[in-house]
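Student: Sending over a structure as structure tokens; questions will come in a sec.
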Amino acid sequence: MAPSIAVSIDIRAKRFEGATGLLLDGLRLDVSEGEVLALVGPSGVGKSSLLRMIAGLDADFDGQITVFGQPASEAGPPGFVFQDPRLLPWLGAAANIRAVSPATTMSEAVSLLGEMGLSGFETALPGSLSGGMQRRVALARALAVQPRLLLLDEPFVSIDRKLVRELHDVIGRIAEQRRPTMILVSHDLEDAARLADRVIQLQGRPARIIAETRVETRRADRNPARLLEIVAQLDEGSGE
Ligand SMILES: Nc1ncnc2c1ncn2[C@@H]1O[C@H](COP(=O)(O)OP(=O)(O)OP(=O)(O)O)[C@@H](O)[C@H]1O
């Protein structure tokens with residue numbers, strides 16, 4: 001049986017007030033339930049803007065986006081991990097989760113932090129955590145409401161490569177075990193190659209889909225050599 005559609009995007013036009021020209025013009029894309037989709041493209045192409053439209057945070061465009069069959073602006077908030085972790089600096093890690101999701105019990109928050117590899121850091125203030133750890137708290141916070149849709153906006157920027165790999169593992173585990181539909185925005189082909197089931201590459205103004213690549217290799221089998229091959233395949237697709 002074909003998987004059902006989680007997110008259906010049909011944008012005829014998106015323009016920002018005061019900006020010259022259209023940001024998006026004729027973008028159609030369906031995301032299947034449980035799929036990990038990567039949106040990749042250069043800075044300024046419109047990836048974050050598209051993510052905000054999918055989240056229902058920006059309904060000012062010509063077209064329609066549905067999330068599990070409902071207009072995005074009425075579908076309820078998805079899990080959203082922003083480029084910067086946006087943690088409350090005066091609250092510990094578990095309290096940060098509960099501040100956004102009050103229905104989450106302390107033991108659920110502790111268990112989520114454990115899943116992110118942060119056992120023992122429940123009361124740690126954000127300022128005492130590394131950038132990678134703060135991202136993991138933000139991920140735990142997004143997962144606390146058990147979202148069917150998880151949106152990740154450049155979760156790997158400004159952290160060093162070793163921490164990026166740890167975060168790749170955490171997100172890969174979420175994909176395999178919790179199986180939310182995930183849309184991951186990145187400018188880095190390697191992030192996409194490591195995590196995505198399908199990679200959409202955007203380019204230009206208005207932004208167009210210049211390549212769509214399905215990554216058939218199971219995430220667990222994407223060892224360094226295979227990852228290099230996948231990145232090369234994506235590079236070829238983008239004409240780089
Ligand atoms: N609220 C806004 N008003 C006007 N222009 C905007 C607004 N938000 C974004 N833009 C413009 O839209 C374009 C796309 O921005 P967006 O942040 O979506 O790109 P991006 O691909 O996510 O880039 P980056 O990776 O640098 O965040 C940019 O030229 C940006 O300046």
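The way I read the labels, and the way they are meant: chains A, B, ... in the order of the structure tokens, residue 1 as the first residue of every chain, and ligand 1 as the first ligand shown, with later ones counted on from there.
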Would you kindly return, as a PDB file with N, CA and C atoms, in the first residue's frame, each protein, DNA or RNA residue with an atom no farther than 8 Å from any atom of stretch 224-231 of chain A, considering only C-alpha atoms and excluding same-chain residues fewer than 6 positions away?
Tutor:
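Listing of part34.pdb after writing:
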```pdb
ATOM      1  N   LEU A 189      25.074  19.241   1.732  1.00  0.00           N
ATOM      2  CA  LEU A 189      24.668  17.981   1.106  1.00  0.00           C
ATOM      3  C   LEU A 189      24.955  16.785   2.008  1.00  0.00           C
ATOM      4  N   GLU A 190      26.008  16.903   2.844  1.00  0.00           N
ATOM      5  CA  GLU A 190      26.355  15.751   3.678  1.00  0.00           C
ATOM      6  C   GLU A 190      25.271  15.491   4.743  1.00  0.00           C
ATOM      7  N   ALA A 193      22.614  13.734   2.894  1.00  0.00           N
ATOM      8  CA  ALA A 193      23.025  12.375   2.516  1.00  0.00           C
ATOM      9  C   ALA A 193      22.978  11.437   3.720  1.00  0.00           C
ATOM     10  N   ARG A 194      23.283  11.969   4.882  1.00  0.00           N
ATOM     11  CA  ARG A 194      23.323  11.144   6.087  1.00  0.00           C
ATOM     12  C   ARG A 194      21.920  10.749   6.565  1.00  0.00           C
ATOM     13  N   VAL A 215      17.300   8.505  -1.750  1.00  0.00           N
ATOM     14  CA  VAL A 215      18.467   7.794  -1.206  1.00  0.00           C
ATOM     15  C   VAL A 215      17.974   6.424  -0.751  1.00  0.00           C
TER      16      VAL A 215
END
```
Student: May I have a table of the residues of chain A lying at most 7 Å from ligand 1, giving each one's closest pair of atoms and their distance in Å to one decimal, counting only C-alpha atoms and all ligand atoms, ordered by chain and ascending residue number, as a Markdown table?
Tutor:
```
| residue | atom | partner | partner_atom_place_in_ligand_line | distance |
| --- | --- | --- | --- | --- |
| A:Phe16 | CA | ligand 1 | 4 (C) | 4.8 |
| A:Glu17 | CA | ligand 1 | 4 (C) | 6.2 |
| A:Gly18 | CA | ligand 1 | 4 (C) | 6.9 |
| A:Ala19 | CA | ligand 1 | 4 (C) | 6.2 |
| A:Leu23 | CA | ligand 1 | 12 (O) | 6.4 |
| A:Gly41 | CA | ligand 1 | 21 (O) | 6.3 |
| A:Pro42 | CA | ligand 1 | 21 (O) | 5.9 |
| A:Ser43 | CA | ligand 1 | 26 (O) | 3.7 |
| A:Gly44 | CA | ligand 1 | 19 (O) | 3.5 |
| A:Val45 | CA | ligand 1 | 21 (O) | 3.9 |
| A:Gly46 | CA | ligand 1 | 18 (O) | 3.2 |
| A:Lys47 | CA | ligand 1 | 22 (O) | 3.8 |
| A:Ser48 | CA | ligand 1 | 22 (O) | 3.6 |
| A:Ser49 | CA | ligand 1 | 18 (O) | 3.6 |
| A:Leu50 | CA | ligand 1 | 18 (O) | 6.4 |
| A:His187 | CA | ligand 1 | 25 (O) | 6.4 |
```
Student: Looking only at helix (DSSP H, G or I) from DSSP on the backbone, list the matching residues of stretch 71-110 of chain A as a PyMOL selection string.
Tutor: chain A and resi 72-74+93-100+106-110
Student: Could you tell me, as a compact mmCIF listing (two decimals) with C-alpha atoms, in the first residue's frame, which residues of stretch 93-225 of chain A DSSP assigns to strand (DSSP E or B) when given the backbone?
Tutor:
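What follows is the written file states-v3.txt:
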```txt
# COMPACT_ATOMS: atom_id res chain seq x y z
CA LEU A 149 5.48 16.35 11.72
CA LEU A 150 8.94 17.53 12.77
CA LEU A 151 10.52 20.52 11.03
CA LEU A 152 14.24 21.09 11.44
CA ASP A 153 15.71 24.38 10.25
CA THR A 181 7.44 12.84 9.06
CA MET A 182 10.52 15.06 9.01
CA ILE A 183 11.48 17.99 6.84
CA LEU A 184 15.09 18.98 7.30
CA VAL A 185 16.43 22.24 5.89
CA SER A 186 20.15 22.41 5.27
CA ARG A 198 14.69 11.99 -0.40
CA VAL A 199 16.62 15.16 -1.17
CA ILE A 200 15.08 18.14 -2.91
CA GLN A 201 17.56 20.72 -4.18
CA LEU A 202 16.35 24.28 -4.68
CA GLN A 203 18.03 27.05 -6.59
CA ALA A 207 13.32 29.12 -6.36
CA ARG A 208 12.94 25.99 -8.48
CA ILE A 209 13.46 22.32 -7.76
CA ILE A 210 16.61 21.55 -9.75
CA ALA A 211 17.06 17.97 -8.55
CA GLU A 212 15.15 15.33 -6.64
CA THR A 213 17.09 12.31 -5.40
CA ARG A 214 15.85 9.28 -3.53
```
Student: Taking 5 positions as the minimum chain separation for residues in the same chain, which residues sit within 12 Å of A:Val7 when counting only C-alpha atoms? Answer as a VMD selection string.
Tutor: chain A and resid 28 to 37 51 53 to 56 64 to 72 75 78 148 to 151 180 to 183
Student: Those selected residues, please, written with N, CA and C atoms and delivered as a short mmCIF file (atom, residue, chain, number, x, y, z; two decimals), in the first residue's frame.
Tutor:
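In the end it all went to selection_33.cif:
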```cif
data_model
loop_
_atom_site.label_atom_id
_atom_site.label_comp_id
_atom_site.auth_asym_id
_atom_site.auth_seq_id
_atom_site.Cartn_x
_atom_site.Cartn_y
_atom_site.Cartn_z
N ARG A 28 5.54 22.56 -6.34
CA ARG A 28 4.63 21.47 -5.92
C ARG A 28 5.47 20.34 -5.36
N LEU A 29 5.00 19.82 -4.23
CA LEU A 29 5.79 18.79 -3.56
C LEU A 29 4.90 18.06 -2.55
N ASP A 30 4.94 16.73 -2.57
CA ASP A 30 4.23 15.95 -1.55
C ASP A 30 5.26 15.24 -0.68
N VAL A 31 4.99 15.16 0.60
CA VAL A 31 5.87 14.43 1.53
C VAL A 31 5.05 13.30 2.14
N SER A 32 5.58 12.09 2.06
CA SER A 32 4.83 10.93 2.58
C SER A 32 4.96 10.83 4.09
N GLU A 33 3.95 10.20 4.68
CA GLU A 33 3.97 10.00 6.13
C GLU A 33 5.20 9.15 6.50
N GLY A 34 5.95 9.61 7.50
CA GLY A 34 7.13 8.88 7.96
C GLY A 34 8.39 9.12 7.15
N GLU A 35 8.28 9.92 6.09
CA GLU A 35 9.44 10.19 5.23
C GLU A 35 10.35 11.24 5.88
N VAL A 36 11.66 11.13 5.63
CA VAL A 36 12.58 12.19 6.00
C VAL A 36 12.98 12.90 4.70
N LEU A 37 12.51 14.12 4.54
CA LEU A 37 12.78 14.89 3.33
C LEU A 37 13.79 15.98 3.66
N LEU A 51 9.69 26.53 5.14
CA LEU A 51 9.42 25.78 6.38
C LEU A 51 8.39 26.52 7.24
N MET A 53 6.06 28.44 6.15
CA MET A 53 4.74 28.27 5.51
C MET A 53 4.17 26.88 5.84
N ILE A 54 5.02 25.87 5.83
CA ILE A 54 4.56 24.51 6.15
C ILE A 54 4.10 24.44 7.61
N ALA A 55 4.78 25.21 8.48
CA ALA A 55 4.42 25.22 9.91
C ALA A 55 3.16 26.01 10.17
N GLY A 56 2.64 26.69 9.14
CA GLY A 56 1.44 27.51 9.33
C GLY A 56 1.75 28.86 9.95
N GLN A 64 -1.73 26.51 -1.77
CA GLN A 64 -2.24 25.77 -0.62
C GLN A 64 -1.19 24.79 -0.09
N ILE A 65 -1.10 24.74 1.22
CA ILE A 65 -0.28 23.69 1.85
C ILE A 65 -1.19 22.96 2.83
N THR A 66 -1.27 21.64 2.69
CA THR A 66 -2.05 20.88 3.67
C THR A 66 -1.11 19.98 4.47
N VAL A 67 -1.45 19.84 5.75
CA VAL A 67 -0.68 18.98 6.66
C VAL A 67 -1.66 17.97 7.23
N PHE A 68 -1.43 16.73 6.94
CA PHE A 68 -2.36 15.65 7.31
C PHE A 68 -3.80 16.04 6.94
N GLY A 69 -3.95 16.57 5.74
CA GLY A 69 -5.27 16.83 5.19
C GLY A 69 -5.88 18.16 5.59
N GLN A 70 -5.24 18.91 6.47
CA GLN A 70 -5.79 20.20 6.89
C GLN A 70 -4.91 21.35 6.40
N PRO A 71 -5.50 22.53 6.13
CA PRO A 71 -4.66 23.67 5.77
C PRO A 71 -3.59 23.87 6.85
N ALA A 72 -2.36 24.18 6.42
CA ALA A 72 -1.24 24.25 7.36
C ALA A 72 -1.53 25.19 8.54
N ALA A 75 -3.64 23.27 11.08
CA ALA A 75 -3.29 21.88 11.42
C ALA A 75 -2.69 21.73 12.81
N PRO A 78 3.47 22.04 14.40
CA PRO A 78 4.33 20.85 14.29
C PRO A 78 5.45 20.96 15.33
N ARG A 148 3.53 14.60 14.85
CA ARG A 148 3.56 13.71 13.66
C ARG A 148 4.45 14.31 12.59
N LEU A 149 4.64 15.65 12.69
CA LEU A 149 5.48 16.35 11.72
C LEU A 149 6.56 17.10 12.50
N LEU A 150 7.81 16.86 12.11
CA LEU A 150 8.94 17.53 12.77
C LEU A 150 9.71 18.33 11.73
N LEU A 151 9.83 19.63 11.96
CA LEU A 151 10.52 20.52 11.03
C LEU A 151 11.84 20.95 11.65
N PRO A 180 8.43 10.11 12.91
CA PRO A 180 7.60 11.25 12.48
C PRO A 180 7.93 11.56 11.02
N THR A 181 7.07 12.29 10.36
CA THR A 181 7.44 12.84 9.06
C THR A 181 8.39 13.99 9.37
N MET A 182 9.53 14.01 8.69
CA MET A 182 10.52 15.06 9.01
C MET A 182 10.87 15.85 7.76
N ILE A 183 10.94 17.15 7.91
CA ILE A 183 11.48 17.99 6.84
C ILE A 183 12.68 18.72 7.42
#
```
Student: Tell me which of A:Gly237, A:Phe156, A:Thr217, A:Leu39 sits closest to A:Arg136, counting only C-alpha atoms.
Tutor: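 Result for the nearest residue to A:Arg136: A:Phe156.
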Student: Find, counting only C-alpha atoms, the residue in A:Val110, A:Val40, A:Leu118, A:Met133 that gets nearest to A:Val164.
Tutor: A:Met133
Student: Which one is closest to A:Met116: A:Arg52, A:Arg141, A:Arg218, A:Lys14? Count only C-alpha atoms.
Tutor: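 Between A:Arg52, A:Arg141, A:Arg218, A:Lys14, the residue approaching A:Met116 most closely is A:Arg141.
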Student: Extract, using only C-alpha atoms, all DNA, RNA and protein residues at most 8 Å from A:Gly26, discarding same-chain residues fewer than 4 positions from it, and format them as a ChimeraX atom specification.
Tutor: /A:10-13
Student: Counting only C-alpha atoms, what is within 9 Å of A:Arg178, bar same-chain residues fewer than 3 positions away, as number ranges by chain?
Tutor: A: 34, 146, 173-175
Student: Okay, now the selection with C-alpha atoms, as a PDB file, in the first residue's frame?
Tutor:
```pdb
ATOM      1  CA  GLY A  34       7.134   8.875   7.960  1.00  0.00           C
ATOM      2  CA  GLN A 146       4.903  13.774  20.067  1.00  0.00           C
ATOM      3  CA  ARG A 173      17.437   7.327  15.755  1.00  0.00           C
ATOM      4  CA  ILE A 174      14.356   9.564  15.983  1.00  0.00           C
ATOM      5  CA  ALA A 175      13.610   8.794  12.323  1.00  0.00           C
TER       6      ALA A 175
END
```
Student: List as an NGL selection string the protein and nucleic acid residues near A:Leu87, meaning an atom at most 10 Å away when only C-alpha atoms are counted, but skip any in the same chain fewer than 3 places from it.
Tutor: :A and (84 or 90-93 or 95-97 or 99-100 or 125-127 or 134-135 or 137-138 or 141)
Student: Name the closest residue to A:Leu57 among the candidates A:Ser101, A:Ser107, A:Ser73, A:Ser238; distances are taken between atoms, counting only C-alpha atoms.
Tutor: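 Looking at the shortest contact to A:Leu57, the residue is A:Ser73.
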Student: Give me, please, the distance in Å between atom CA of A:Thr105 and atom CA of A:Glu122, quoted to one decimal.
Tutor: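 The value is 12.9 Å.
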